[in-house]
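K.L.:
The following block contains the structure, expressed as structure tokens.
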Amino acid sequence: MTTTHDPYAPSGEPSADRVFTVTGQDWDSVVQGISDYVDDTDGDSNDDHVVVNMGPQHPSTHGVLRLILEIEGETVTEARCGIGYLHTGIEKNMEFRTWVQGVTFCTRMDYLSPFYNEATYSFGVERLLGIEDDIPEKAQVMRVLLMELNRISSHLVCIATGGMEIGALTVMTIGFREREMVLDLFELITGLRMNHAFIRPGGVAQDMPPGALDQIRDFIALMKKRLPEYAALCNANPIFKGRLENVGHLDLAGCMALGITGPVLRSTGFAWDLRKTQPYSGYQDYDFEVQTWDTSDAYGRFRIRLNEMWESLKIVEQAADRLAGLEGAPVMVADKKIAWPSQLAVGSDGMGNSLDHIRHIMGESMEALIHHFKLVTEGFRVPAGQAYVPIESPRGELGAHVVSDGGTRPYRVHFRDPSFTNLQATSVMSEGGMLADVIVAIASIDPVMGGVDR
Amino acid sequence: MSGGDSGDMKPEDFPEVTPGTERDATDPATDITGGNRLPADPEQLQPEVVGVRHGMFGVQGTGDTSGYGGLVRPVVMPGGTPRPYGGWFDDVADALVGACERAGVATGPGGAVEKVVVHRGELTLFVRRTDLLRVARLLRDEERLRFEMCLGVSGVHYPDDAGRELHAVYHLLSMTHNRRIRLEVTCPDADPHIPSVVAVYPTNDWHERETYDFFGVVFDGHPALTRIEMPDDWPGHPQRKDYPLGGIPVEYKGATIPPPDTRRSYS
């Protein structure tokens with residue numbers, strides 16, 4: 001469809017130029033329309049430029065990302081991102097809930113790595129509460145276990161969708177197949193596949209369910225068989241390499257200037273990983289290697305993610321071994337003024353407060369009832385101040401700037417999401433390259449729009 | 001680089017300094033900083049009152065019969081910290097003061113650094129907005145500082161902090177020395193201008209647009225300061241405290257649940 005009316009111009013402003021809306025018709029009609037238009041204007045040099053709007057609803061833009069590309073032929077001369085299509089006001093909403101309820105909101109930001117959102121927020125609140133050293137060991141180990149399983153599932157989605165976007169559908173199907181197994185583990189441990197709200201200020205919501213460790217070990221054994229299949233399918237695949245190598249190049253200086261972290265930074269050969277450099281949650285006690293590559297391109301990032309899944313498996317294995325020796329240990333801080341008053345249990349009508357706890361507060365102790373009521377409705381107070389405890393999410397440095405005014409609700413929480421920052425590299429990675437490589441470059445950044453827009 | 005010597009030095013390893021108790025920074029006899037006048041103004045060592053809390057249960061008027069309704073308490077943020085800050089914090093402060101002197105940036109009272117706060121093992125430098133750009137450049141380039149990465153800017157709105165309503169908070173990371181600091185810059189609501197640091201830290205391009213979008217802080221010198229999350233024609237700045245959350249009452253099992261911002265809150 002060709003129109004001289006510009007539907008993208010703000011109301012009251014004149015049309016910038018002729019608009020072609022591509023909705024699946026014959027591509028030749030668009031090409032013909034453009035060449036007619038160029039002929040009409042006698043080949044005026046300004047009219048060689050075509051601005052292509054891609055998204056926000058497009059299967060290859062990795063979520064509701066809008067790309068505004070200026071092209072000359074098939075070469076991209078300028079690339080800009082339009083974001084905000086998934087802005088849900090999570091940070092604002094958190095200011096109207098208690099500190100514990102905040103976890104329920106922030107887990108929905110970067111929906112492919114929910115545990116990281118919960119963890120960085122909880123670390124910030126714990127620092128403000130001054131209870132960082134009081135978190136039980138088992139809670140720390142469970143956090144590490146869940147975060148590393150989450151890294152595997154997140155990297156699988158990155159590789160799967162990245163493969164899909166360049167037409168490697170098998171990579172997509174096998175990636176989601178394995179991710180499903182991780183989500184099954186999440187469902188077993190937390191009760192939910194996504195949006196868990198499981199890591200909370202003071203510890204984690206619940207103890208490990210019976211049989212979980214066995215299932216984790218089964219998963220590890222299976223993944224050890226499956227991960228080499230990914231390597232065999234992709235690593236030396238000429239089409240895969242042809243599409244990924246030397247695409248989306250960004251060197252170390254570029255990464256530093258643009259604040260890029262995570263696999264993109266490590267693909268320049270710089271082994272910066274907060275789990276090693278600024279350990280949290282006991283990461284210094286685990287044996288793993290920081291993965292780097294030295295090509296600074298999309299292929300290097302793919303290899304890093306593949307290798308990081310191996311390292312995560314190693315950590316999961318160690319965490320599972322530790323959990324085996326921590327049966328029955330507490331998973332929540334001992335301070336009863338912070339810890340959630342009851343442990344959840346599965347009853348006939350689903351999951352809820354454990355019957356023992358209800359019997360205690362309703363039949364035995366008035367004080368326990370008051371305590372439960374106060375903690376659940378009012379919540380605890382967090383001393384005034386601000387904290388920032390960043391962690392290494394699958395996409396890079398994720399941190400929550402937590403501000404408290406001494407009240408029962410966060411005064412302000414701002415998430416520094418790596419997807420948001422890393423997406424700024426779209427321009428430098430894709431300008432001057434081919435149109436088709438824009439997709440590869442963005443897939444190698446692995447932005448999750450839920451985290452970008454929050 | 002995997003930590004190195006400086007990586008083992010964590011702020012938590014050092015005793016926390018309680019503001020105003022360790023030593024009197026205004027007394028020259030105990031001023032061990034040898035003329036480094038970074039946090040000298042005694043007024044800055046007082047805890048900062050940013051608001052007042054009334055009552056206890058968020059009920060206004062006659063609804064609260066508990067007797068707590070008349071409670072009035074100040075909202076107090078941690079005040080300035082006198083020297084020594086502990087650990088590498090002093091090293092950073094010394095290096096910054098030295099760099100500022102060489103660059104001709106005043107650091108005394110009324111100078112570039114208004115206040116230094118060490119709280120929960122984190123170092124916060126309150127920087128005067130007129131000096132932000134120069135201080136940021138020194139922090140990035142000076143060899144002993146080398147805060148080569150900025151993790152963006154986060155806005156905070158304190159409507160009751162007269163003359164300093166809007167805060168812009170920058171988190172800086174030195175990968176060379178494995179250190180983190182925080183810069184805090186304030187500006188009044190009536191004149192919401194802060195210089196843009198995009199020229200020093202290009203990563204702040206989108207972050208400053210976001211803070212402008214949500215708080216209305218105008219970052220002077222930003223290459224294209226437009227809204228980023230909200231639509232271009234959106235009225236107001238949604239994350240300011242005077243901007244309502246919105247929402248409608250929802251009926252659930254016969255009862256009506258009010259929107260979150262009109263529910264009882266425990267102030």
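Numbering starts fresh at 1 for the residues of each chain in the structure tokens, the chains themselves are lettered A, B, ... in the order given, and ligands are numbered from 1 as they appear.
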Chain B near chain A within 8 Å: what's each residue's closest atom pair and its distance in Å to one decimal, counting only C-alpha atoms, ordered by chain then ascending residue number, as CSV?
P.N.:
```
residue,atom,partner,partner_atom,distance
B:Met1,CA,A:Ala271,CA,6.6
B:Ser2,CA,A:Thr277,CA,5.4
B:Gly3,CA,A:Thr277,CA,4.8
B:Gly7,CA,A:Thr277,CA,6.7
B:Val75,CA,A:Asp405,CA,6.2
B:Val76,CA,A:Ala384,CA,6.8
B:Met77,CA,A:Ala384,CA,5.5
B:Pro78,CA,A:Gly385,CA,6.2
B:His119,CA,A:Gly385,CA,7.4
B:Arg120,CA,A:Arg127,CA,6.6
B:Glu122,CA,A:Ala387,CA,7.4
B:Glu148,CA,A:Met256,CA,6.8
B:Met149,CA,A:Gly259,CA,5.9
B:Cys150,CA,A:Gly259,CA,6.3
B:Leu151,CA,A:Gly259,CA,6.6
B:Gly152,CA,A:Arg416,CA,7.1
B:Ser154,CA,A:His414,CA,6.3
B:Val156,CA,A:Arg412,CA,6.7
B:Asn178,CA,A:Thr277,CA,7.3
B:Tyr201,CA,A:Ala257,CA,6.0
B:Pro202,CA,A:Leu258,CA,5.5
B:Thr203,CA,A:Leu258,CA,4.0
B:Asn204,CA,A:Leu258,CA,7.8
B:Trp206,CA,A:Thr421,CA,7.4
B:His207,CA,A:Thr421,CA,7.9
B:Ile228,CA,A:Gly84,CA,6.4
B:Glu229,CA,A:Gly84,CA,4.0
B:Met230,CA,A:Gly84,CA,6.2
B:Pro231,CA,A:Gly84,CA,7.8
B:Pro238,CA,A:Lys92,CA,7.9
B:Gln239,CA,A:Lys92,CA,5.9
B:Leu245,CA,A:Asn93,CA,7.2
B:Pro260,CA,A:Phe96,CA,6.4
B:Asp261,CA,A:Phe96,CA,6.3
B:Ser265,CA,A:Glu378,CA,7.7
B:Tyr266,CA,A:Glu378,CA,6.1
B:Ser267,CA,A:Gly407,CA,6.3
```
K.L.:
If we count only C-alpha atoms and set the cut-off at 12 Å, which residues sit around Thr190 of chain A, ignoring sequence neighbours fewer than 3 positions away in its own chain? Please answer as a PyMOL selection string.
P.N.:
chain A and resi 114-115+142-143+146+182-187+193-199+204-209+212+344-346+351
K.L.:
How many Å separate atom CA of Leu145 of chain B from atom CA of Thr81 of chain B?
P.N.:
20.2 Å
K.L.:
Just how far from atom CA of Ala443 of chain A is atom CA of Val171 of chain A, in Å to one decimal?
P.N.:
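Interatomic distance here is 13.6 Å.
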K.L.:
For segment 233-242 of chain A, find every residue with an atom within 9 Å (counting only C-alpha atoms), except residues of its own chain fewer than 3 positions away, and show them as number ranges by chain.
P.N.:
A: 163, 166, 168, 171, 228-230, 245-246, 299, 302-303
